[in-house]
Structure formats: structure tokens, C-alpha cells
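**Student:** If it helps, the file is called work-v9.cif and holds mmCIF, N, CA and C atoms and all ligand atoms:
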data_protein
loop_
_atom_site.label_atom_id
_atom_site.label_comp_id
_atom_site.auth_asym_id
_atom_site.auth_seq_id
_atom_site.Cartn_x
_atom_site.Cartn_y
_atom_site.Cartn_z
N MET L 153 0.86 -1.20 0.00
CA MET L 153 0.00 0.00 0.00
C MET L 153 0.88 1.24 0.00
N ILE L 154 0.52 2.18 -0.87
CA ILE L 154 1.27 3.43 -0.91
C ILE L 154 0.28 4.59 -0.94
N TYR L 155 0.71 5.72 -0.43
CA TYR L 155 -0.19 6.86 -0.26
C TYR L 155 0.26 7.99 -1.17
N ILE L 156 -0.69 8.59 -1.87
CA ILE L 156 -0.37 9.65 -2.82
C ILE L 156 -1.28 10.85 -2.52
N THR L 157 -0.68 12.03 -2.48
CA THR L 157 -1.42 13.21 -2.03
C THR L 157 -1.40 14.31 -3.08
N ARG L 158 -2.54 14.91 -3.28
CA ARG L 158 -2.64 16.11 -4.12
C ARG L 158 -3.00 17.29 -3.22
N ARG L 159 -2.23 18.38 -3.37
CA ARG L 159 -2.49 19.59 -2.59
C ARG L 159 -3.10 20.65 -3.50
N LEU L 160 -4.17 21.29 -3.02
CA LEU L 160 -4.83 22.35 -3.78
C LEU L 160 -5.12 23.50 -2.83
N GLU L 161 -5.35 24.66 -3.39
CA GLU L 161 -5.62 25.84 -2.57
C GLU L 161 -6.91 26.51 -3.02
N PHE L 162 -7.58 27.13 -2.06
CA PHE L 162 -8.71 27.99 -2.43
C PHE L 162 -8.86 29.09 -1.39
N CYS L 163 -9.48 30.19 -1.82
CA CYS L 163 -9.75 31.32 -0.94
C CYS L 163 -11.25 31.43 -0.78
N ALA L 164 -11.69 31.62 0.45
CA ALA L 164 -13.13 31.73 0.67
C ALA L 164 -13.39 32.52 1.94
N SER L 165 -14.61 33.05 2.02
CA SER L 165 -14.99 33.76 3.24
C SER L 165 -16.03 32.93 3.99
N HIS L 166 -16.14 33.22 5.27
CA HIS L 166 -17.20 32.58 6.06
C HIS L 166 -17.46 33.40 7.31
N ARG L 167 -18.54 33.04 7.96
CA ARG L 167 -18.80 33.53 9.32
C ARG L 167 -19.30 32.34 10.11
N LEU L 168 -18.67 32.09 11.27
CA LEU L 168 -19.11 31.00 12.12
C LEU L 168 -20.12 31.53 13.13
N PHE L 169 -21.31 31.00 13.08
CA PHE L 169 -22.31 31.34 14.10
C PHE L 169 -23.39 30.26 14.11
N ASN L 170 -24.01 30.15 15.26
CA ASN L 170 -25.14 29.25 15.40
C ASN L 170 -26.37 30.11 15.67
N PRO L 171 -27.36 30.07 14.77
CA PRO L 171 -28.52 30.96 14.93
C PRO L 171 -29.28 30.71 16.23
N ASN L 172 -29.05 29.56 16.85
CA ASN L 172 -29.73 29.27 18.12
C ASN L 172 -29.02 29.87 19.33
N PHE L 173 -27.80 30.41 19.10
CA PHE L 173 -27.05 31.03 20.19
C PHE L 173 -27.38 32.52 20.27
N THR L 174 -27.18 33.10 21.46
CA THR L 174 -27.25 34.55 21.57
C THR L 174 -26.01 35.15 20.91
N ASP L 175 -26.07 36.47 20.61
CA ASP L 175 -24.90 37.14 20.02
C ASP L 175 -23.68 36.95 20.91
N GLU L 176 -23.91 37.04 22.23
CA GLU L 176 -22.79 36.93 23.17
C GLU L 176 -22.19 35.52 23.13
N LYS L 177 -23.04 34.52 23.11
CA LYS L 177 -22.54 33.15 23.08
C LYS L 177 -21.84 32.84 21.75
N ASN L 178 -22.36 33.39 20.66
CA ASN L 178 -21.68 33.21 19.37
C ASN L 178 -20.28 33.82 19.43
N GLU L 179 -20.17 34.98 20.04
CA GLU L 179 -18.87 35.65 20.08
C GLU L 179 -17.88 34.88 20.95
N THR L 180 -18.35 34.40 22.10
CA THR L 180 -17.42 33.68 22.98
C THR L 180 -17.07 32.31 22.38
N THR L 181 -18.01 31.72 21.63
CA THR L 181 -17.76 30.38 21.06
C THR L 181 -16.84 30.45 19.86
N PHE L 182 -17.10 31.41 18.96
CA PHE L 182 -16.41 31.40 17.68
C PHE L 182 -15.35 32.48 17.53
N GLY L 183 -15.28 33.42 18.48
CA GLY L 183 -14.22 34.42 18.46
C GLY L 183 -14.18 35.22 17.18
N LEU L 184 -12.98 35.39 16.63
CA LEU L 184 -12.79 36.20 15.43
C LEU L 184 -13.61 35.70 14.25
N CYS L 185 -13.81 34.38 14.19
CA CYS L 185 -14.55 33.81 13.06
C CYS L 185 -16.04 34.13 13.13
N ASN L 186 -16.47 34.79 14.24
CA ASN L 186 -17.86 35.22 14.38
C ASN L 186 -18.08 36.64 13.85
N ASN L 187 -17.05 37.30 13.36
CA ASN L 187 -17.18 38.66 12.84
C ASN L 187 -18.45 38.79 12.00
N PRO L 188 -19.35 39.70 12.37
CA PRO L 188 -20.68 39.74 11.73
C PRO L 188 -20.65 39.83 10.21
N ASN L 189 -19.68 40.53 9.64
CA ASN L 189 -19.65 40.65 8.18
C ASN L 189 -18.69 39.68 7.51
N GLY L 190 -18.29 38.65 8.24
CA GLY L 190 -17.45 37.62 7.65
C GLY L 190 -15.99 38.01 7.57
N HIS L 191 -15.19 37.10 7.04
CA HIS L 191 -13.75 37.29 6.87
C HIS L 191 -13.25 36.15 6.01
N GLY L 192 -12.02 36.25 5.54
CA GLY L 192 -11.54 35.24 4.60
C GLY L 192 -10.43 34.37 5.15
N HIS L 193 -10.25 33.23 4.49
CA HIS L 193 -9.11 32.36 4.78
C HIS L 193 -8.51 31.90 3.45
N ASN L 194 -7.21 31.67 3.47
CA ASN L 194 -6.54 31.00 2.36
C ASN L 194 -6.42 29.54 2.74
N TYR L 195 -7.33 28.74 2.26
CA TYR L 195 -7.38 27.33 2.63
C TYR L 195 -6.40 26.51 1.79
N VAL L 196 -5.85 25.49 2.40
CA VAL L 196 -5.04 24.51 1.68
C VAL L 196 -5.69 23.14 1.93
N LEU L 197 -5.99 22.45 0.84
CA LEU L 197 -6.65 21.14 0.92
C LEU L 197 -5.68 20.06 0.43
N GLU L 198 -5.48 19.05 1.25
CA GLU L 198 -4.65 17.91 0.84
C GLU L 198 -5.51 16.65 0.85
N VAL L 199 -5.59 16.02 -0.31
CA VAL L 199 -6.38 14.80 -0.46
C VAL L 199 -5.42 13.64 -0.69
N THR L 200 -5.49 12.64 0.18
CA THR L 200 -4.59 11.48 0.08
C THR L 200 -5.38 10.23 -0.29
N VAL L 201 -4.88 9.56 -1.33
CA VAL L 201 -5.48 8.31 -1.80
C VAL L 201 -4.47 7.20 -1.58
N LYS L 202 -4.96 6.03 -1.17
CA LYS L 202 -4.05 4.90 -0.97
C LYS L 202 -4.37 3.81 -1.99
N GLY L 203 -3.36 3.06 -2.35
CA GLY L 203 -3.58 1.98 -3.31
C GLY L 203 -2.30 1.23 -3.58
N GLU L 204 -2.39 0.34 -4.53
CA GLU L 204 -1.22 -0.44 -4.94
C GLU L 204 -0.70 0.13 -6.26
N VAL L 205 0.59 0.00 -6.47
CA VAL L 205 1.20 0.48 -7.70
C VAL L 205 0.85 -0.47 -8.85
N ASP L 206 0.32 0.10 -9.92
CA ASP L 206 0.05 -0.68 -11.13
C ASP L 206 1.40 -0.96 -11.80
N PRO L 207 1.77 -2.25 -11.95
CA PRO L 207 3.10 -2.54 -12.49
C PRO L 207 3.29 -2.04 -13.93
N GLU L 208 2.19 -1.85 -14.65
CA GLU L 208 2.31 -1.40 -16.03
C GLU L 208 2.55 0.10 -16.15
N THR L 209 2.10 0.87 -15.15
CA THR L 209 2.29 2.33 -15.21
C THR L 209 3.27 2.82 -14.15
N GLY L 210 3.48 2.02 -13.11
CA GLY L 210 4.32 2.47 -12.01
C GLY L 210 3.59 3.46 -11.11
N MET L 211 2.28 3.62 -11.34
CA MET L 211 1.52 4.61 -10.57
C MET L 211 0.33 3.96 -9.89
N VAL L 212 -0.14 4.61 -8.80
CA VAL L 212 -1.38 4.17 -8.16
C VAL L 212 -2.56 4.64 -9.00
N LEU L 213 -2.46 5.88 -9.45
CA LEU L 213 -3.57 6.48 -10.20
C LEU L 213 -3.02 7.63 -11.03
N ASP L 214 -3.86 8.15 -11.89
CA ASP L 214 -3.51 9.28 -12.73
C ASP L 214 -3.77 10.56 -11.91
N LEU L 215 -2.68 11.22 -11.50
CA LEU L 215 -2.83 12.43 -10.67
C LEU L 215 -3.58 13.54 -11.41
N LYS L 216 -3.44 13.57 -12.72
CA LYS L 216 -4.18 14.59 -13.49
C LYS L 216 -5.69 14.38 -13.34
N ALA L 217 -6.09 13.12 -13.35
CA ALA L 217 -7.52 12.81 -13.20
C ALA L 217 -7.99 13.15 -11.79
N LEU L 218 -7.14 12.88 -10.79
CA LEU L 218 -7.51 13.21 -9.41
C LEU L 218 -7.65 14.72 -9.25
N LYS L 219 -6.70 15.45 -9.82
CA LYS L 219 -6.75 16.93 -9.76
C LYS L 219 -8.03 17.45 -10.42
N LYS L 220 -8.37 16.89 -11.57
CA LYS L 220 -9.58 17.32 -12.29
C LYS L 220 -10.83 17.04 -11.44
N LEU L 221 -10.87 15.86 -10.83
CA LEU L 221 -12.01 15.51 -10.00
C LEU L 221 -12.17 16.48 -8.82
N ILE L 222 -11.07 16.75 -8.13
CA ILE L 222 -11.15 17.62 -6.95
C ILE L 222 -11.50 19.05 -7.37
N ASN L 223 -10.95 19.48 -8.48
CA ASN L 223 -11.28 20.83 -8.96
C ASN L 223 -12.76 20.94 -9.28
N GLU L 224 -13.29 19.96 -10.00
CA GLU L 224 -14.69 20.04 -10.43
C GLU L 224 -15.65 19.88 -9.27
N GLU L 225 -15.34 18.96 -8.37
CA GLU L 225 -16.29 18.63 -7.30
C GLU L 225 -16.18 19.59 -6.11
N ILE L 226 -14.99 20.14 -5.88
CA ILE L 226 -14.79 20.93 -4.67
C ILE L 226 -14.32 22.36 -4.98
N ILE L 227 -13.13 22.48 -5.55
CA ILE L 227 -12.49 23.79 -5.65
C ILE L 227 -13.35 24.79 -6.42
N ASP L 228 -13.87 24.37 -7.58
CA ASP L 228 -14.69 25.29 -8.38
C ASP L 228 -15.92 25.77 -7.61
N LYS L 229 -16.36 24.99 -6.63
CA LYS L 229 -17.57 25.35 -5.88
C LYS L 229 -17.30 26.24 -4.67
N VAL L 230 -16.05 26.25 -4.20
CA VAL L 230 -15.75 27.01 -2.98
C VAL L 230 -14.81 28.19 -3.20
N ASP L 231 -14.02 28.16 -4.28
CA ASP L 231 -13.00 29.20 -4.45
C ASP L 231 -13.64 30.55 -4.73
N HIS L 232 -13.23 31.55 -3.95
CA HIS L 232 -13.76 32.91 -4.05
C HIS L 232 -15.26 32.95 -3.78
N LYS L 233 -15.71 32.10 -2.88
CA LYS L 233 -17.12 32.05 -2.52
C LYS L 233 -17.30 32.35 -1.03
N ASN L 234 -18.55 32.67 -0.69
CA ASN L 234 -18.94 32.80 0.70
C ASN L 234 -19.47 31.44 1.13
N LEU L 235 -18.76 30.78 2.04
CA LEU L 235 -19.10 29.40 2.40
C LEU L 235 -20.45 29.29 3.11
N ASN L 236 -20.94 30.40 3.67
CA ASN L 236 -22.23 30.37 4.36
C ASN L 236 -23.41 30.34 3.39
N VAL L 237 -23.21 30.90 2.20
CA VAL L 237 -24.38 31.04 1.32
C VAL L 237 -24.20 30.47 -0.09
N ASP L 238 -22.98 30.39 -0.59
CA ASP L 238 -22.78 30.08 -2.01
C ASP L 238 -22.60 28.60 -2.33
N VAL L 239 -22.40 27.78 -1.32
CA VAL L 239 -21.92 26.42 -1.59
C VAL L 239 -23.03 25.39 -1.31
N ASP L 240 -23.43 24.67 -2.36
CA ASP L 240 -24.58 23.75 -2.19
C ASP L 240 -24.34 22.72 -1.09
N PHE L 241 -23.12 22.18 -1.02
CA PHE L 241 -22.90 21.10 -0.06
C PHE L 241 -22.64 21.59 1.37
N LEU L 242 -22.68 22.92 1.58
CA LEU L 242 -22.52 23.44 2.94
C LEU L 242 -23.78 24.16 3.44
N GLN L 243 -24.89 23.96 2.74
CA GLN L 243 -26.13 24.58 3.19
C GLN L 243 -26.49 24.04 4.58
N ASP L 244 -26.90 24.92 5.47
CA ASP L 244 -27.32 24.53 6.82
C ASP L 244 -26.21 23.86 7.63
N VAL L 245 -24.96 24.20 7.30
CA VAL L 245 -23.82 23.66 8.03
C VAL L 245 -22.99 24.84 8.54
N ILE L 246 -22.52 24.78 9.79
CA ILE L 246 -21.60 25.81 10.26
C ILE L 246 -20.26 25.54 9.57
N PRO L 247 -19.77 26.48 8.73
CA PRO L 247 -18.62 26.17 7.88
C PRO L 247 -17.27 26.25 8.61
N THR L 248 -17.15 25.41 9.63
CA THR L 248 -15.86 25.22 10.29
C THR L 248 -14.97 24.34 9.41
N ALA L 249 -13.69 24.35 9.67
CA ALA L 249 -12.78 23.47 8.93
C ALA L 249 -13.22 22.01 9.10
N GLU L 250 -13.67 21.66 10.31
CA GLU L 250 -14.12 20.29 10.56
C GLU L 250 -15.25 19.90 9.61
N ASN L 251 -16.28 20.76 9.57
CA ASN L 251 -17.44 20.42 8.74
C ASN L 251 -17.10 20.44 7.25
N ILE L 252 -16.26 21.38 6.83
CA ILE L 252 -15.89 21.43 5.42
C ILE L 252 -15.15 20.15 5.04
N ALA L 253 -14.23 19.72 5.88
CA ALA L 253 -13.45 18.51 5.59
C ALA L 253 -14.35 17.28 5.50
N ILE L 254 -15.30 17.17 6.42
CA ILE L 254 -16.22 16.02 6.42
C ILE L 254 -17.03 15.99 5.12
N HIS L 255 -17.51 17.16 4.70
CA HIS L 255 -18.33 17.19 3.49
C HIS L 255 -17.48 16.92 2.25
N ILE L 256 -16.25 17.39 2.24
CA ILE L 256 -15.36 17.09 1.11
C ILE L 256 -15.12 15.58 1.04
N TRP L 257 -14.89 14.97 2.18
CA TRP L 257 -14.72 13.51 2.22
C TRP L 257 -15.94 12.79 1.64
N ASP L 258 -17.13 13.21 2.11
CA ASP L 258 -18.35 12.53 1.69
C ASP L 258 -18.58 12.64 0.18
N ILE L 259 -18.15 13.76 -0.39
CA ILE L 259 -18.32 13.94 -1.84
C ILE L 259 -17.31 13.10 -2.61
N LEU L 260 -16.05 13.15 -2.18
CA LEU L 260 -14.99 12.50 -2.95
C LEU L 260 -14.97 10.98 -2.79
N LYS L 261 -15.33 10.52 -1.60
CA LYS L 261 -15.19 9.09 -1.28
C LYS L 261 -15.76 8.17 -2.37
N PRO L 262 -17.03 8.36 -2.76
CA PRO L 262 -17.58 7.42 -3.76
C PRO L 262 -17.07 7.67 -5.17
N LYS L 263 -16.42 8.83 -5.40
CA LYS L 263 -16.02 9.17 -6.77
C LYS L 263 -14.59 8.75 -7.09
N ILE L 264 -13.84 8.35 -6.07
CA ILE L 264 -12.47 7.91 -6.31
C ILE L 264 -12.48 6.40 -6.51
N LYS L 265 -12.21 5.99 -7.75
CA LYS L 265 -12.33 4.57 -8.11
C LYS L 265 -10.97 3.89 -8.15
N ASN L 266 -9.95 4.63 -8.58
CA ASN L 266 -8.60 4.06 -8.60
C ASN L 266 -7.94 4.37 -7.29
N GLY L 267 -7.70 3.34 -6.49
CA GLY L 267 -7.24 3.57 -5.13
C GLY L 267 -8.44 3.91 -4.26
N GLU L 268 -8.15 4.23 -3.00
CA GLU L 268 -9.22 4.48 -2.04
C GLU L 268 -8.90 5.76 -1.28
N LEU L 269 -9.89 6.61 -1.09
CA LEU L 269 -9.65 7.84 -0.33
C LEU L 269 -9.18 7.49 1.08
N HIS L 270 -8.07 8.06 1.49
CA HIS L 270 -7.51 7.75 2.80
C HIS L 270 -7.66 8.91 3.77
N GLU L 271 -7.45 10.14 3.27
CA GLU L 271 -7.40 11.27 4.20
C GLU L 271 -7.77 12.57 3.50
N VAL L 272 -8.52 13.40 4.20
CA VAL L 272 -8.74 14.78 3.79
C VAL L 272 -8.14 15.66 4.87
N LYS L 273 -7.18 16.48 4.48
CA LYS L 273 -6.56 17.41 5.42
C LYS L 273 -6.85 18.82 4.95
N LEU L 274 -7.39 19.64 5.83
CA LEU L 274 -7.76 21.00 5.43
C LEU L 274 -7.11 22.00 6.37
N PHE L 275 -6.26 22.82 5.80
CA PHE L 275 -5.62 23.90 6.56
C PHE L 275 -6.47 25.16 6.42
N GLU L 276 -6.89 25.72 7.56
CA GLU L 276 -7.59 26.99 7.52
C GLU L 276 -6.59 28.14 7.65
N SER L 277 -5.47 27.84 8.28
CA SER L 277 -4.36 28.79 8.36
C SER L 277 -3.09 27.94 8.47
N GLU L 278 -1.96 28.58 8.52
CA GLU L 278 -0.72 27.83 8.60
C GLU L 278 -0.67 26.94 9.84
N ARG L 279 -1.28 27.42 10.90
CA ARG L 279 -1.18 26.70 12.17
C ARG L 279 -2.38 25.86 12.53
N ASN L 280 -3.51 26.11 11.85
CA ASN L 280 -4.73 25.39 12.20
C ASN L 280 -5.19 24.51 11.05
N PHE L 281 -5.27 23.20 11.31
CA PHE L 281 -5.78 22.31 10.28
C PHE L 281 -6.49 21.13 10.91
N VAL L 282 -7.34 20.50 10.11
CA VAL L 282 -8.06 19.32 10.56
C VAL L 282 -7.75 18.16 9.61
N VAL L 283 -7.87 16.95 10.14
CA VAL L 283 -7.61 15.73 9.38
C VAL L 283 -8.82 14.83 9.55
N TYR L 284 -9.32 14.28 8.43
CA TYR L 284 -10.49 13.40 8.51
C TYR L 284 -10.23 12.12 7.74
N HIS L 285 -10.56 11.00 8.39
CA HIS L 285 -10.38 9.69 7.75
C HIS L 285 -11.71 8.97 7.55
N GLY L 286 -12.80 9.71 7.69
CA GLY L 286 -14.11 9.07 7.54
C GLY L 286 -14.51 8.35 8.81
N VAL L 287 -15.70 7.80 8.76
CA VAL L 287 -16.21 7.06 9.92
C VAL L 287 -16.61 5.68 9.48
N SER L 288 -16.59 4.74 10.41
CA SER L 288 -16.92 3.36 10.06
C SER L 288 -18.40 3.07 10.25
N VAL L 289 -19.11 3.97 10.91
CA VAL L 289 -20.56 3.80 11.06
C VAL L 289 -21.26 5.01 10.45
N GLU L 290 -22.53 4.86 10.13
CA GLU L 290 -23.31 5.95 9.56
C GLU L 290 -23.36 7.12 10.53
N ARG L 291 -23.06 8.30 10.00
CA ARG L 291 -23.16 9.49 10.80
C ARG L 291 -24.60 10.01 10.76
N PRO L 292 -25.19 10.32 11.93
CA PRO L 292 -26.54 10.88 11.88
C PRO L 292 -26.52 12.29 11.26
N HIS L 293 -27.56 12.64 10.51
CA HIS L 293 -27.61 13.98 9.91
C HIS L 293 -28.51 14.87 10.71
NI NI L 301 -12.62 31.90 10.10
#
Rewrite the structure from the file as C-alpha cells, please.
**Tutor:**
Amino acid sequence: MIYITRRLEFCASHRLFNPNFTDEKNETTFGLCNNPNGHGHNYVLEVTVKGEVDPETGMVLDLKALKKLINEEIIDKVDHKNLNVDVDFLQDVIPTAENIAIHIWDILKPKIKNGELHEVKLFESERNFVVYHGVSVERPH
């Protein structure tokens, strides 16, 4: 088994808040990311696929195809967008790095046929990132 990673970048804005919280609780919970008029992040997304090397190509998969898939399914939908309102797969979701990574996993998982999705890593800043490996049981919605 070998692991192969594609790194991509996108810029997006968001505001973290829970409509069921008071303004004060939203501010203490989400801090700077609760800024009422939003703010931006330069996100870095790393998608890792695992598989066996095809002896005829020496590769696990075609990285160009993986890049195209991630661009079409994810990057084109989030880059230069407001994550609270513009993104179909984040409707009714608090757009934290955690939730974005989970939704990216759920979208890509069934679409990766050569090899198997192993990890979604999402950097919201240089120092803050989340890693998701999926779940083995159904997640309640
Ligand atoms: Ni933020």
C-alpha cells in the first residue's frame, strides 16, 4: 500500500455562528470567526489516496484525473465564494474546517475509483488544520 497526495488551494470567506445562540454566546464560542460581516481564509486542501502500484504504469492512479475531480467537485464550488451562502454542499452547516473537511470527504469518497480515499486534510491557516479519515458507522444527519 502506498499513499499519494494532491495539494490544492482555495480562498473563501465565512462567518461561524449558530442561529440558536445569543450574540454573546456566538462571540465567545467562535471568536474572530464570528465577525458579523465575515472574513476570509486562504485554505489549503490535501487529499490522500491509498492503493497499490500498477506494475504497467508504475503509478497508483492518474494524478491529473484526481486533480480534475477535486477541482470540479470541490475547488470550483468554494474558491472565491462565501461558504455560508454560495456552496450547495454546505447549506445549513456551520462552515468550520471540521465540517468542510467532512463534506469534502463525503463527496470525494464514492467518486475515487482508482485507489481508495484515505485522508482529507484541510488547513484553515498555517497553524490550524483538521484531518479526517471518515467514519466506520453511519453518521446521523
Ligand atoms: Ni474563520
**Student:** Interatomic distance between CA of His270 in chain L and atom N of Val196 in chain L?
**Tutor:**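 CA of His270 in chain L sits 17.8 Å away from atom N of Val196 in chain L.
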**Student:** Throw together the list of residues within 7 Å of ligand NI 301 (chain L), counting only C-alpha atoms and all ligand atoms, and drop it here as a ChimeraX atom specification.
**Tutor:** /L:166-168,184-185,191-193
**Student:** With N, CA and C atoms retained, write the just-selected residues as an mmCIF file, in the coordinates of the input.
**Tutor:**
data_model
loop_
_atom_site.group_PDB
_atom_site.id
_atom_site.type_symbol
_atom_site.label_atom_id
_atom_site.label_comp_id
_atom_site.auth_asym_id
_atom_site.auth_seq_id
_atom_site.Cartn_x
_atom_site.Cartn_y
_atom_site.Cartn_z
ATOM 1 N N HIS L 166 -16.140 33.220 5.270
ATOM 2 C CA HIS L 166 -17.200 32.580 6.060
ATOM 3 C C HIS L 166 -17.460 33.400 7.310
ATOM 4 N N ARG L 167 -18.540 33.040 7.960
ATOM 5 C CA ARG L 167 -18.800 33.530 9.320
ATOM 6 C C ARG L 167 -19.300 32.340 10.110
ATOM 7 N N LEU L 168 -18.670 32.090 11.270
ATOM 8 C CA LEU L 168 -19.110 31.000 12.120
ATOM 9 C C LEU L 168 -20.120 31.530 13.130
ATOM 10 N N LEU L 184 -12.980 35.390 16.630
ATOM 11 C CA LEU L 184 -12.790 36.200 15.430
ATOM 12 C C LEU L 184 -13.610 35.700 14.250
ATOM 13 N N CYS L 185 -13.810 34.380 14.190
ATOM 14 C CA CYS L 185 -14.550 33.810 13.060
ATOM 15 C C CYS L 185 -16.040 34.130 13.130
ATOM 16 N N HIS L 191 -15.190 37.100 7.040
ATOM 17 C CA HIS L 191 -13.750 37.290 6.870
ATOM 18 C C HIS L 191 -13.250 36.150 6.010
ATOM 19 N N GLY L 192 -12.020 36.250 5.540
ATOM 20 C CA GLY L 192 -11.540 35.240 4.600
ATOM 21 C C GLY L 192 -10.430 34.370 5.150
ATOM 22 N N HIS L 193 -10.250 33.230 4.490
ATOM 23 C CA HIS L 193 -9.110 32.360 4.780
ATOM 24 C C HIS L 193 -8.510 31.900 3.450
#
**Student:** Tell me which protein, DNA and RNA residues are within 7 Å of Leu213 in chain L, counting only N, CA and C atoms, leaving out same-chain ones fewer than 3 positions away, and put them as a PyMOL selection string.
**Tutor:** chain L and resi 204-206+210+216-218+266-267
**Student:** Could the residues in this selection be written to a file with N, CA and C atoms, as a PDB file, in the coordinates of the input?
**Tutor:**
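To be explicit, this is the file written out as part.pdb:
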ATOM      1  N   GLU L 204      -2.390   0.340  -4.530  1.00  0.00           N
ATOM      2  CA  GLU L 204      -1.220  -0.440  -4.940  1.00  0.00           C
ATOM      3  C   GLU L 204      -0.700   0.130  -6.260  1.00  0.00           C
ATOM      4  N   VAL L 205       0.590   0.000  -6.470  1.00  0.00           N
ATOM      5  CA  VAL L 205       1.200   0.480  -7.700  1.00  0.00           C
ATOM      6  C   VAL L 205       0.850  -0.470  -8.850  1.00  0.00           C
ATOM      7  N   ASP L 206       0.320   0.100  -9.920  1.00  0.00           N
ATOM      8  CA  ASP L 206       0.050  -0.680 -11.130  1.00  0.00           C
ATOM      9  C   ASP L 206       1.400  -0.960 -11.800  1.00  0.00           C
ATOM     10  N   GLY L 210       3.480   2.020 -13.110  1.00  0.00           N
ATOM     11  CA  GLY L 210       4.320   2.470 -12.010  1.00  0.00           C
ATOM     12  C   GLY L 210       3.590   3.460 -11.110  1.00  0.00           C
ATOM     13  N   LYS L 216      -3.440  13.570 -12.720  1.00  0.00           N
ATOM     14  CA  LYS L 216      -4.180  14.590 -13.490  1.00  0.00           C
ATOM     15  C   LYS L 216      -5.690  14.380 -13.340  1.00  0.00           C
ATOM     16  N   ALA L 217      -6.090  13.120 -13.350  1.00  0.00           N
ATOM     17  CA  ALA L 217      -7.520  12.810 -13.200  1.00  0.00           C
ATOM     18  C   ALA L 217      -7.990  13.150 -11.790  1.00  0.00           C
ATOM     19  N   LEU L 218      -7.140  12.880 -10.790  1.00  0.00           N
ATOM     20  CA  LEU L 218      -7.510  13.210  -9.410  1.00  0.00           C
ATOM     21  C   LEU L 218      -7.650  14.720  -9.250  1.00  0.00           C
ATOM     22  N   ASN L 266      -9.950   4.630  -8.580  1.00  0.00           N
ATOM     23  CA  ASN L 266      -8.600   4.060  -8.600  1.00  0.00           C
ATOM     24  C   ASN L 266      -7.940   4.370  -7.290  1.00  0.00           C
ATOM     25  N   GLY L 267      -7.700   3.340  -6.490  1.00  0.00           N
ATOM     26  CA  GLY L 267      -7.240   3.570  -5.130  1.00  0.00           C
ATOM     27  C   GLY L 267      -8.440   3.910  -4.260  1.00  0.00           C
TER      28      GLY L 267
END
**Student:** Mind giving me the straight-line distance from atom N of Glu276 in chain L to atom N of Leu197 in chain L in Å, one decimal?
**Tutor:**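 Going from atom N of Glu276 in chain L over to atom N of Leu197 in chain L covers 7.5 Å.
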**Student:** May I have the residues at most 9 Å from (-10.5, 29.6, -3.5) in the file's coordinates, counting only C-alpha atoms, as a PyMOL selection string?
**Tutor:** chain L and resi 161-164+193-195+227-233
**Student:** Hey, can you check how far CA of Val282 in chain L sits from CA of Thr248 in chain L?
**Tutor:**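 If I compute the distance from CA of Val282 in chain L to CA of Thr248 in chain L, I get 9.8 Å.
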**Student:** When you count only C-alpha atoms, which of these residues is closest to Val272 in chain L: L:Asn170, L:Gln243, L:Thr157, L:Asn178?
**Tutor:**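 Closest candidate: L:Thr157.
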**Student:** Can you list every residue in range 160-271 of chain L that DSSP puts in helix (DSSP H, G or I), as a PyMOL selection string?
**Tutor:** chain L and resi 175-186+215-230+240-242+249-263
**Student:** Using only C-alpha atoms, which of L:Trp257, L:Met153, L:Glu176, L:Gly203 sits nearest Leu274 in chain L?
**Tutor:** L:Trp257
**Student:** Using only N, CA and C atoms, which of the listed residues (L:Arg159, L:His255, L:Lys220, L:Lys202) sits closest to Glu271 in chain L?
**Tutor:** L:Lys202
**Student:** Taking (-23.4, 24.9, 13.3) in the file's own coordinates, collect the residues within 6.5 Å, counting all atoms listed in the file, and hand them back as a list of chain:residue names.
**Tutor:**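 Checked against the point, the hits come out as L:Phe169, L:Asn170, L:Asp244, L:Val245, L:Ile246, L:Pro247.
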**Student:** Return the single residue from L:Ala249, L:Val212, L:Leu160, L:Ile264 that is closest to Tyr284 in chain L, with distances computed using only C-alpha atoms.
**Tutor:** L:Ala249
